[in-house]
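Enquirer: Sharing work.csv, CSV, C-alpha atoms and all ligand atoms:
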```csv
chain,number,residue,atom,x,y,z
A,34,MET,CA,-10.4,-8.5,7.9
A,35,ALA,CA,-8.1,-11.4,8.8
A,36,SER,CA,-4.4,-10.7,9.1
A,37,VAL,CA,-1.5,-12.9,8.0
A,38,ALA,CA,-0.5,-15.2,10.9
A,39,ALA,CA,3.1,-14.7,11.8
A,40,THR,CA,4.5,-18.0,13.2
A,41,GLU,CA,7.4,-16.3,15.0
A,42,LYS,CA,8.0,-12.8,16.3
A,43,SER,CA,10.7,-12.2,13.7
A,44,LEU,CA,10.3,-8.4,14.0
A,45,ALA,CA,10.5,-8.1,17.7
A,46,GLY,CA,12.2,-4.8,18.7
A,47,ARG,CA,11.7,-3.3,15.3
A,48,THR,CA,9.5,-0.3,14.4
A,49,ALA,CA,7.5,-0.2,11.1
A,50,VAL,CA,5.5,2.6,9.5
A,51,VAL,CA,2.8,1.8,7.0
A,52,THR,CA,1.0,4.4,5.0
A,53,GLY,CA,-2.5,3.8,3.7
A,54,ALA,CA,-3.0,1.4,6.6
A,55,SER,CA,-6.7,2.1,7.1
A,56,SER,CA,-7.8,-0.1,4.2
A,57,GLY,CA,-7.0,-3.0,1.8
A,58,ILE,CA,-3.4,-3.9,1.2
A,59,GLY,CA,-1.9,-1.5,3.8
A,60,ARG,CA,-4.2,-2.8,6.5
A,61,ALA,CA,-3.1,-6.3,5.8
A,62,ILE,CA,0.6,-5.3,5.8
A,63,ALA,CA,0.2,-3.4,9.1
A,64,GLU,CA,-1.5,-6.3,10.8
A,65,SER,CA,1.0,-8.8,9.5
A,66,LEU,CA,4.0,-6.8,10.7
A,67,GLY,CA,2.3,-6.3,14.1
A,68,ALA,CA,1.7,-10.1,14.4
A,69,ALA,CA,5.4,-10.6,13.6
A,70,GLY,CA,6.3,-8.5,16.6
A,71,ALA,CA,7.0,-5.0,15.1
A,72,HIS,CA,5.7,-1.8,16.8
A,73,VAL,CA,3.5,-0.6,13.9
A,74,VAL,CA,2.7,3.0,13.2
A,75,LEU,CA,-0.4,3.2,11.0
A,76,GLY,CA,-1.1,6.2,8.8
A,77,GLY,CA,-4.4,6.8,7.0
A,78,ARG,CA,-7.5,8.9,6.8
A,79,THR,CA,-10.1,6.6,8.5
A,80,ARG,CA,-9.6,6.5,12.3
A,81,SER,CA,-12.1,3.8,13.0
A,82,ALA,CA,-10.5,1.3,10.6
A,83,MET,CA,-7.0,1.9,12.1
A,84,ASP,CA,-8.3,1.6,15.6
A,85,GLU,CA,-9.7,-1.8,14.7
A,86,SER,CA,-6.3,-2.9,13.3
A,87,THR,CA,-4.5,-1.5,16.4
A,88,ALA,CA,-6.8,-3.6,18.6
A,89,ARG,CA,-6.1,-6.7,16.5
A,90,ILE,CA,-2.4,-6.1,16.7
A,91,GLU,CA,-2.5,-5.7,20.5
A,92,LYS,CA,-4.7,-8.8,20.8
A,93,SER,CA,-1.9,-10.7,19.0
A,94,GLY,CA,0.5,-9.5,21.6
A,95,GLY,CA,2.0,-6.6,19.6
A,96,THR,CA,1.9,-2.8,19.9
A,97,ALA,CA,0.7,-0.2,17.4
A,98,GLU,CA,-0.4,3.4,17.1
A,99,ALA,CA,-2.6,5.1,14.5
A,100,HIS,CA,-2.3,8.6,13.1
A,101,VAL,CA,-4.8,10.3,10.9
A,102,HIS,CA,-3.0,12.4,8.3
A,103,ASP,CA,-3.1,13.5,4.7
A,104,VAL,CA,-0.1,11.9,3.0
A,105,ARG,CA,-0.2,14.5,0.2
A,106,ASP,CA,0.9,17.1,2.6
A,107,VAL,CA,4.7,17.0,2.9
A,108,VAL,CA,4.8,18.1,6.5
A,109,GLN,CA,2.2,15.5,7.5
A,110,ALA,CA,3.9,12.8,5.5
A,111,ARG,CA,7.2,13.5,7.3
A,112,ALA,CA,5.4,13.7,10.7
A,113,LEU,CA,4.3,10.1,10.5
A,114,VAL,CA,7.9,9.0,10.4
A,115,GLU,CA,8.7,11.5,13.2
A,116,SER,CA,5.9,10.0,15.3
A,117,ALA,CA,7.5,6.5,15.0
A,118,VAL,CA,10.9,7.8,16.1
A,119,ALA,CA,9.4,9.8,18.9
A,120,SER,CA,7.4,6.9,20.3
A,121,SER,CA,9.9,4.1,19.8
A,122,GLY,CA,13.3,5.8,19.2
A,123,ARG,CA,13.9,4.0,15.9
A,124,LEU,CA,12.6,3.1,12.4
A,125,ASP,CA,13.4,-0.2,10.7
A,126,VAL,CA,10.7,-0.7,8.1
A,127,MET,CA,8.9,2.0,6.0
A,128,VAL,CA,6.0,0.8,3.8
A,129,ASN,CA,4.9,3.5,1.3
A,130,ASN,CA,1.6,2.0,0.3
A,131,ALA,CA,-1.0,4.8,0.1
A,132,GLY,CA,-2.3,5.1,-3.4
A,133,VAL,CA,-5.3,6.2,-5.5
A,134,SER,CA,-6.5,5.7,-9.1
A,135,TYR,CA,-8.9,7.7,-11.3
A,136,PRO,CA,-9.3,5.5,-14.4
A,137,GLU,CA,-10.2,8.1,-17.0
A,138,PRO,CA,-9.1,8.6,-20.6
A,139,ILE,CA,-6.4,11.3,-20.8
A,140,VAL,CA,-8.4,13.5,-23.2
A,141,ASP,CA,-11.4,13.7,-21.0
A,142,ALA,CA,-9.8,13.6,-17.5
A,143,ASP,CA,-10.0,16.2,-14.7
A,144,PRO,CA,-6.4,17.6,-14.1
A,145,GLU,CA,-7.2,17.7,-10.4
A,146,HIS,CA,-7.4,13.9,-10.5
A,147,TRP,CA,-3.9,13.8,-12.0
A,148,ARG,CA,-2.7,16.0,-9.2
A,149,VAL,CA,-4.2,13.7,-6.5
A,150,MET,CA,-2.6,10.6,-8.2
A,151,LEU,CA,0.8,12.3,-8.6
A,152,GLU,CA,0.8,13.7,-5.0
A,153,THR,CA,-0.4,10.5,-3.4
A,154,ASN,CA,1.4,7.8,-5.4
A,155,VAL,CA,4.6,9.7,-6.2
A,156,LEU,CA,5.2,12.8,-4.0
A,157,ALA,CA,4.2,11.1,-0.8
A,158,LEU,CA,6.2,8.0,-1.5
A,159,LEU,CA,9.3,10.2,-2.2
A,160,VAL,CA,8.8,12.2,1.0
A,161,GLY,CA,8.2,9.0,3.0
A,162,SER,CA,11.2,7.3,1.6
A,163,GLN,CA,13.5,10.3,2.2
A,164,ALA,CA,12.3,10.8,5.8
A,165,ALA,CA,12.7,7.0,6.4
A,166,VAL,CA,16.3,7.0,5.2
A,167,HIS,CA,17.2,9.9,7.5
A,168,ALA,CA,15.5,8.1,10.5
A,169,MET,CA,17.1,4.8,9.8
A,170,ARG,CA,20.5,6.3,9.5
A,171,ALA,CA,20.0,8.2,12.8
A,172,CYS,CA,19.3,5.0,14.7
A,173,GLY,CA,21.7,2.7,12.7
A,174,ALA,CA,19.0,0.5,11.5
A,175,GLU,CA,19.4,-2.3,9.0
A,176,GLY,CA,16.4,-0.9,7.4
A,177,HIS,CA,13.9,-1.8,4.7
A,178,ILE,CA,12.0,0.6,2.5
A,179,VAL,CA,9.1,-1.2,0.8
A,180,ASN,CA,7.3,0.7,-1.9
A,181,ILE,CA,4.0,-0.5,-3.3
A,182,SER,CA,3.9,-0.3,-7.1
A,183,SER,CA,1.6,-2.3,-9.4
A,184,VAL,CA,1.6,-4.6,-12.4
A,185,ALA,CA,0.4,-1.5,-14.2
A,186,SER,CA,4.0,-0.4,-14.0
A,187,LEU,CA,4.9,-3.3,-16.4
A,188,GLN,CA,2.4,-2.2,-19.0
A,189,PRO,CA,3.3,0.5,-21.6
A,190,ALA,CA,-0.2,2.0,-21.8
A,191,SER,CA,-1.7,2.0,-18.3
A,192,GLY,CA,-2.9,5.6,-18.2
A,193,VAL,CA,-1.9,8.2,-15.7
A,194,TYR,CA,-2.3,5.8,-12.8
A,195,GLY,CA,0.2,3.5,-14.6
A,196,ALA,CA,2.5,6.4,-15.2
A,197,THR,CA,2.6,7.1,-11.5
A,198,LYS,CA,3.6,3.4,-10.9
A,199,HIS,CA,6.3,3.6,-13.7
A,200,ALA,CA,7.6,6.6,-11.7
A,201,VAL,CA,7.5,4.6,-8.5
A,202,ASN,CA,9.7,1.8,-10.1
A,203,CYS,CA,12.2,4.4,-11.4
A,204,ILE,CA,12.4,6.1,-8.0
A,205,ASN,CA,12.8,2.8,-6.2
A,206,GLU,CA,15.6,1.6,-8.4
A,207,SER,CA,17.4,4.9,-8.2
A,208,LEU,CA,17.1,5.0,-4.4
A,209,ARG,CA,18.2,1.3,-4.1
A,210,ARG,CA,21.4,2.2,-6.1
A,211,GLU,CA,22.0,5.4,-3.9
A,212,LEU,CA,21.9,3.2,-0.8
A,213,LEU,CA,24.1,0.3,-2.0
A,214,ASP,CA,26.8,1.1,0.5
A,215,GLU,CA,24.4,1.4,3.4
A,216,PRO,CA,22.5,-1.3,5.4
A,217,ILE,CA,19.2,0.0,4.0
A,218,LYS,CA,17.4,-2.1,1.4
A,219,VAL,CA,14.7,-0.9,-1.0
A,220,VAL,CA,12.2,-3.3,-2.5
A,221,THR,CA,9.5,-2.7,-5.0
A,222,ILE,CA,6.3,-4.8,-4.7
A,223,MET,CA,4.1,-5.0,-7.7
A,224,PRO,CA,0.6,-6.5,-6.9
A,225,GLY,CA,-1.9,-7.7,-9.5
A,226,ALA,CA,-5.6,-7.0,-9.2
A,227,ILE,CA,-7.1,-7.1,-5.7
A,228,ALA,CA,-10.7,-6.4,-4.5
A,229,THR,CA,-10.2,-3.3,-2.3
A,230,SER,CA,-11.5,0.2,-1.9
A,231,PHE,CA,-9.0,1.0,-4.6
A,232,ALA,CA,-12.1,0.9,-6.9
A,233,ARG,CA,-13.7,3.8,-5.0
A,234,ASN,CA,-13.1,6.3,-7.8
A,235,PHE,CA,-14.4,4.0,-10.6
A,236,ASP,CA,-17.7,4.8,-12.3
A,237,PRO,CA,-20.4,3.4,-10.0
A,238,ALA,CA,-22.2,2.0,-13.1
A,239,VAL,CA,-19.1,0.0,-13.9
A,240,LEU,CA,-18.8,-1.3,-10.3
A,241,GLU,CA,-22.5,-2.3,-10.3
A,242,LEU,CA,-22.0,-4.2,-13.5
A,243,MET,CA,-18.8,-5.9,-12.2
A,244,VAL,CA,-20.6,-7.0,-9.0
A,245,SER,CA,-23.7,-8.2,-10.8
A,246,THR,CA,-21.6,-10.2,-13.3
A,247,MET,CA,-20.1,-11.9,-10.3
A,248,GLY,CA,-23.6,-12.7,-8.9
A,249,GLY,CA,-23.4,-10.1,-6.1
A,250,ASN,CA,-26.0,-7.6,-4.8
A,251,THR,CA,-26.2,-4.6,-7.1
A,252,ASP,CA,-28.1,-2.1,-4.8
A,253,PRO,CA,-26.9,1.2,-6.4
A,254,ALA,CA,-26.9,2.8,-3.0
A,255,GLN,CA,-23.8,0.7,-2.2
A,256,PHE,CA,-21.6,2.8,-4.5
A,257,THR,CA,-20.9,6.5,-4.1
A,258,GLN,CA,-18.0,7.5,-6.2
A,259,GLY,CA,-15.1,8.4,-3.9
A,260,ASP,CA,-16.4,6.5,-0.9
A,261,ARG,CA,-14.7,3.4,0.5
A,262,LEU,CA,-16.5,0.2,-0.6
A,263,PRO,CA,-18.4,-1.9,1.9
A,264,ASP,CA,-16.3,-4.9,3.2
A,265,GLU,CA,-19.2,-7.3,2.2
A,266,VAL,CA,-19.0,-6.2,-1.4
A,267,LEU,CA,-15.2,-6.7,-1.5
A,268,LEU,CA,-15.5,-10.1,0.2
A,269,ALA,CA,-18.1,-11.2,-2.4
A,270,ALA,CA,-15.9,-10.0,-5.2
A,271,GLN,CA,-12.9,-11.8,-3.8
A,272,GLN,CA,-14.9,-15.1,-3.3
A,273,ALA,CA,-16.5,-14.9,-6.8
A,274,MET,CA,-13.1,-14.3,-8.5
A,275,SER,CA,-10.7,-16.0,-6.2
A,276,GLU,CA,-8.5,-17.4,-9.0
A,277,HIS,CA,-8.4,-14.1,-10.8
A,278,LEU,CA,-7.6,-11.8,-7.8
A,279,CYS,CA,-4.8,-11.6,-5.3
A,280,THR,CA,-5.7,-10.9,-1.7
A,281,PRO,CA,-4.3,-8.1,0.5
A,282,GLU,CA,-2.9,-10.9,2.7
A,283,ASP,CA,-0.9,-12.3,-0.3
A,284,VAL,CA,0.9,-8.9,-0.6
A,285,ALA,CA,1.4,-8.8,3.2
A,286,GLU,CA,3.1,-12.2,3.0
A,287,ALA,CA,5.4,-11.0,0.2
A,288,VAL,CA,6.3,-7.9,2.3
A,289,LEU,CA,7.0,-10.0,5.4
A,290,TRP,CA,9.1,-12.5,3.4
A,291,ALA,CA,11.1,-9.7,1.7
A,292,ILE,CA,12.1,-8.0,4.9
A,293,THR,CA,13.1,-11.1,6.7
A,294,ARG,CA,15.6,-12.5,4.2
A,295,PRO,CA,19.2,-12.9,5.3
A,296,ALA,CA,21.3,-9.6,5.2
A,297,GLY,CA,23.2,-10.8,2.1
A,298,VAL,CA,20.1,-11.3,0.0
A,299,HIS,CA,19.2,-8.2,-2.0
A,300,LEU,CA,15.7,-8.3,-3.4
A,301,ALA,CA,14.9,-5.4,-5.8
A,302,GLU,CA,11.4,-6.3,-7.1
A,303,LEU,CA,8.6,-8.8,-6.4
A,304,VAL,CA,5.5,-9.3,-8.6
A,305,VAL,CA,2.5,-10.8,-6.8
A,306,ARG,CA,0.0,-12.1,-9.3
A,307,PRO,CA,-3.3,-14.1,-9.0
A,308,LYS,CA,-3.3,-17.7,-10.2
A,309,LYS,CA,-5.1,-16.7,-13.4
A,310,ASP,CA,-4.0,-13.2,-14.3
A,311,LEU,CA,-6.4,-11.0,-16.3
A,312,SER,CA,-3.7,-8.3,-16.8
A,313,LEU,CA,-0.9,-8.4,-19.3
A,401,LIG,N1,-6.2,-3.0,-5.4
A,401,LIG,C1,-5.5,-3.3,-6.4
A,401,LIG,O1,-6.0,-3.9,-7.4
A,401,LIG,C2,-4.0,-2.8,-6.5
A,401,LIG,C3,-3.2,-3.5,-7.4
A,401,LIG,C4,-1.9,-3.1,-7.5
A,401,LIG,C5,-1.4,-2.0,-6.7
A,401,LIG,N2,-2.2,-1.4,-5.8
A,401,LIG,C6,-1.7,-0.4,-4.9
A,401,LIG,O2,-1.8,-0.8,-3.6
A,401,LIG,C7,-1.8,0.4,-2.7
A,401,LIG,C8,-2.9,0.2,-1.7
A,401,LIG,O3,-4.2,0.2,-2.5
A,401,LIG,P1,-5.4,-0.6,-2.0
A,401,LIG,O4,-5.8,-1.6,-3.0
A,401,LIG,O5,-5.2,-1.2,-0.6
A,401,LIG,O6,-6.5,0.5,-2.0
A,401,LIG,P2,-7.5,1.1,-0.8
A,401,LIG,O7,-8.2,0.1,-0.1
A,401,LIG,O8,-8.2,2.2,-1.4
A,401,LIG,O9,-6.4,1.8,0.2
A,401,LIG,C9,-5.7,3.0,-0.1
A,401,LIG,C10,-5.2,3.5,1.2
A,401,LIG,O10,-4.5,4.8,1.0
A,401,LIG,C11,-5.0,5.7,1.9
A,401,LIG,N3,-5.0,7.1,1.3
A,401,LIG,C12,-5.4,7.5,0.1
A,401,LIG,N4,-5.1,8.8,0.0
A,401,LIG,C13,-4.6,9.2,1.1
A,401,LIG,C14,-4.2,10.5,1.6
A,401,LIG,N5,-4.2,11.6,0.9
A,401,LIG,N6,-3.6,10.6,2.9
A,401,LIG,C15,-3.5,9.5,3.6
A,401,LIG,N7,-3.9,8.2,3.2
A,401,LIG,C16,-4.5,8.1,2.0
A,401,LIG,C17,-6.5,5.3,2.1
A,401,LIG,O11,-7.0,5.9,3.3
A,401,LIG,P3,-8.6,5.9,3.6
A,401,LIG,O12,-9.2,4.6,3.2
A,401,LIG,O13,-8.6,6.1,5.1
A,401,LIG,O14,-9.2,7.0,2.8
A,401,LIG,C18,-6.3,3.8,2.3
A,401,LIG,O15,-5.8,3.5,3.6
A,401,LIG,C19,-1.9,1.6,-3.7
A,401,LIG,O16,-0.6,2.1,-3.8
A,401,LIG,C20,-2.3,1.0,-5.0
A,401,LIG,O17,-1.9,1.7,-6.1
A,401,LIG,C21,-3.5,-1.8,-5.7
```
In structure tokens, how does this file's structure come out?
Expert:
Amino acid sequence: MASVAATEKSLAGRTAVVTGASSGIGRAIAESLGAAGAHVVLGGRTRSAMDESTARIEKSGGTAEAHVHDVRDVVQARALVESAVASSGRLDVMVNNAGVSYPEPIVDADPEHWRVMLETNVLALLVGSQAAVHAMRACGAEGHIVNISSVASLQPASGVYGATKHAVNCINESLRRELLDEPIKVVTIMPGAIATSFARNFDPAVLELMVSTMGGNTDPAQFTQGDRLPDEVLLAAQQAMSEHLCTPEDVAEAVLWAITRPAGVHLAELVVRPKKDLSL
């Protein structure tokens, strides 16, 4: 997947950690930060995808390292930040991006799915943010904590997934205020809909219908609930609905822009929407 082209090495000498960097939005952010000169520490569950991103970052003249971990485990979530400090001696940018959705009605849902969403979208983001603040303080960084929310956080009835993103917004604003007297900024990025493996837990029948409506291949074997979606399916969806979907690279552009503003500019929230937004 193509990364955002950084025209200058504005992040040279900085270290960035990106969670959920093995897919979709996190992958695009990691490659964008690497192209801008940061040493990038990628966290995720799929080694092969992160190795491909690491190779692309190194090809663009940057450096990167990939760590397979489970971000839901507090010790493993902290260890990703510790790896960044151990290998580079510093931490400047922390992107808490890993996230999952199980779109089920509350009355019929599996409580284990609620646990996975709460632990991935909220607990891991809290642990990552806290570990990042401690690491940034220790090295005196003018740091940036970038937390990936969603436009679902702006909707009052967006289910349990939306509730986790409402929580993300509340946590981010609270943390931003806690850090007002320190050189560490906190920004919330709220993307609109993007064709990524985020849809991995959707009902396969719904996915098949969506892809066929867009004129794509509907081989049912393409969709196994819980599995990452094939890149060619995601690309076809993106191309078929380009005006109604953002791209991972759009979000990566917003992240790079947010963390390269002058020191006196304090951005709290950014919403990244497609041209023709289907959500409220
Ligand atoms: N796509 C959208 O429409 C959309 C819109 C608004 C906001 N968002 C948010 O954007 C973020 C990224 O989503 P995406 O669209 O890029 O989805 P994605 O392609 O499914 O990527 C999710 C990433 O999180 C990782 N991850 C999930 N559970 C993990 C765990 N327990 N431990 C470690 N890594 C874990 C995944 O790893 P593996 O792939 O290796 O399993 C993957 O790298 C999420 O926070 C999501 O809520 C997405």
Enquirer: Taking only C-alpha atoms and all ligand atoms into account, report as a PyMOL selection string which residues have an atom no farther than 6 Å from an atom of ligand LIG 401 (chain A).
Expert: chain A and resi 53-59+77-79+102-105+130-133+153+181-183+224-231
Enquirer: What gap, in Å, lies between CA of Glu85 in chain A and CA of Asp260 in chain A?
Expert: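 CA of Asp260 in chain A lies at a distance of 18.9 Å from CA of Glu85 in chain A.
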Enquirer: Do you know which residues are at most 9 Å from Val107 in chain A counting only C-alpha atoms, after dropping those on the same chain fewer than 3 positions away, and could you put them as a PyMOL selection string?
Expert: chain A and resi 103-104+110-112+156-157+160-161
Enquirer: One number please: CA of Ala82 in chain A to CA of Ala97 in chain A, in Å, one decimal.
Expert: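 These atoms are spaced 13.2 Å apart.
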Enquirer: Pick the closest to Thr246 in chain A from A:Ala196, A:Met274, A:Leu213, A:Ile292: which is it, counting all atoms listed in the file?
Expert: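 Closest to Thr246 in chain A of all the choices is A:Met274.
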Enquirer: Would you kindly return, as a PyMOL selection string, each protein, DNA or RNA residue with an atom no farther than 12 Å from any atom of Glu137 in chain A, considering all atoms listed in the file and excluding same-chain residues fewer than 2 positions away?
Expert: chain A and resi 134-135+139-144+146-147+150+191-195+234-236
Enquirer: Report, in Å with one decimal, the straight-line distance from CA of Ala296 in chain A to CA of Gly122 in chain A.
Expert: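 CA of Gly122 in chain A lies at a distance of 22.3 Å from CA of Ala296 in chain A.
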Enquirer: Taking only C-alpha atoms into account, which of A:Leu44, A:Val266, A:Ala71, A:Ile178 comes nearest Val126 in chain A?
Expert: A:Ile178
Enquirer: Build an axis-aligned box that encloses every atom of range 201-213 of chain A listed in the file, pad it by 5 Å on each side, and report its centre and edge lengths in Å to one decimal, as JSON.
Expert:
```
{"center_x": 15.8, "center_y": 3.2, "center_z": -6.1, "size_x": 26.6, "size_y": 15.8, "size_z": 20.6}
```
Enquirer: Given only C-alpha atoms as the basis, pick out the residue of A:Gly95, A:Pro281, A:Pro295, A:Pro237 nearest to Lys218 in chain A.
Expert: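 Of A:Gly95, A:Pro281, A:Pro295, A:Pro237, the one nearest Lys218 in chain A is A:Pro295, counting only C-alpha atoms.
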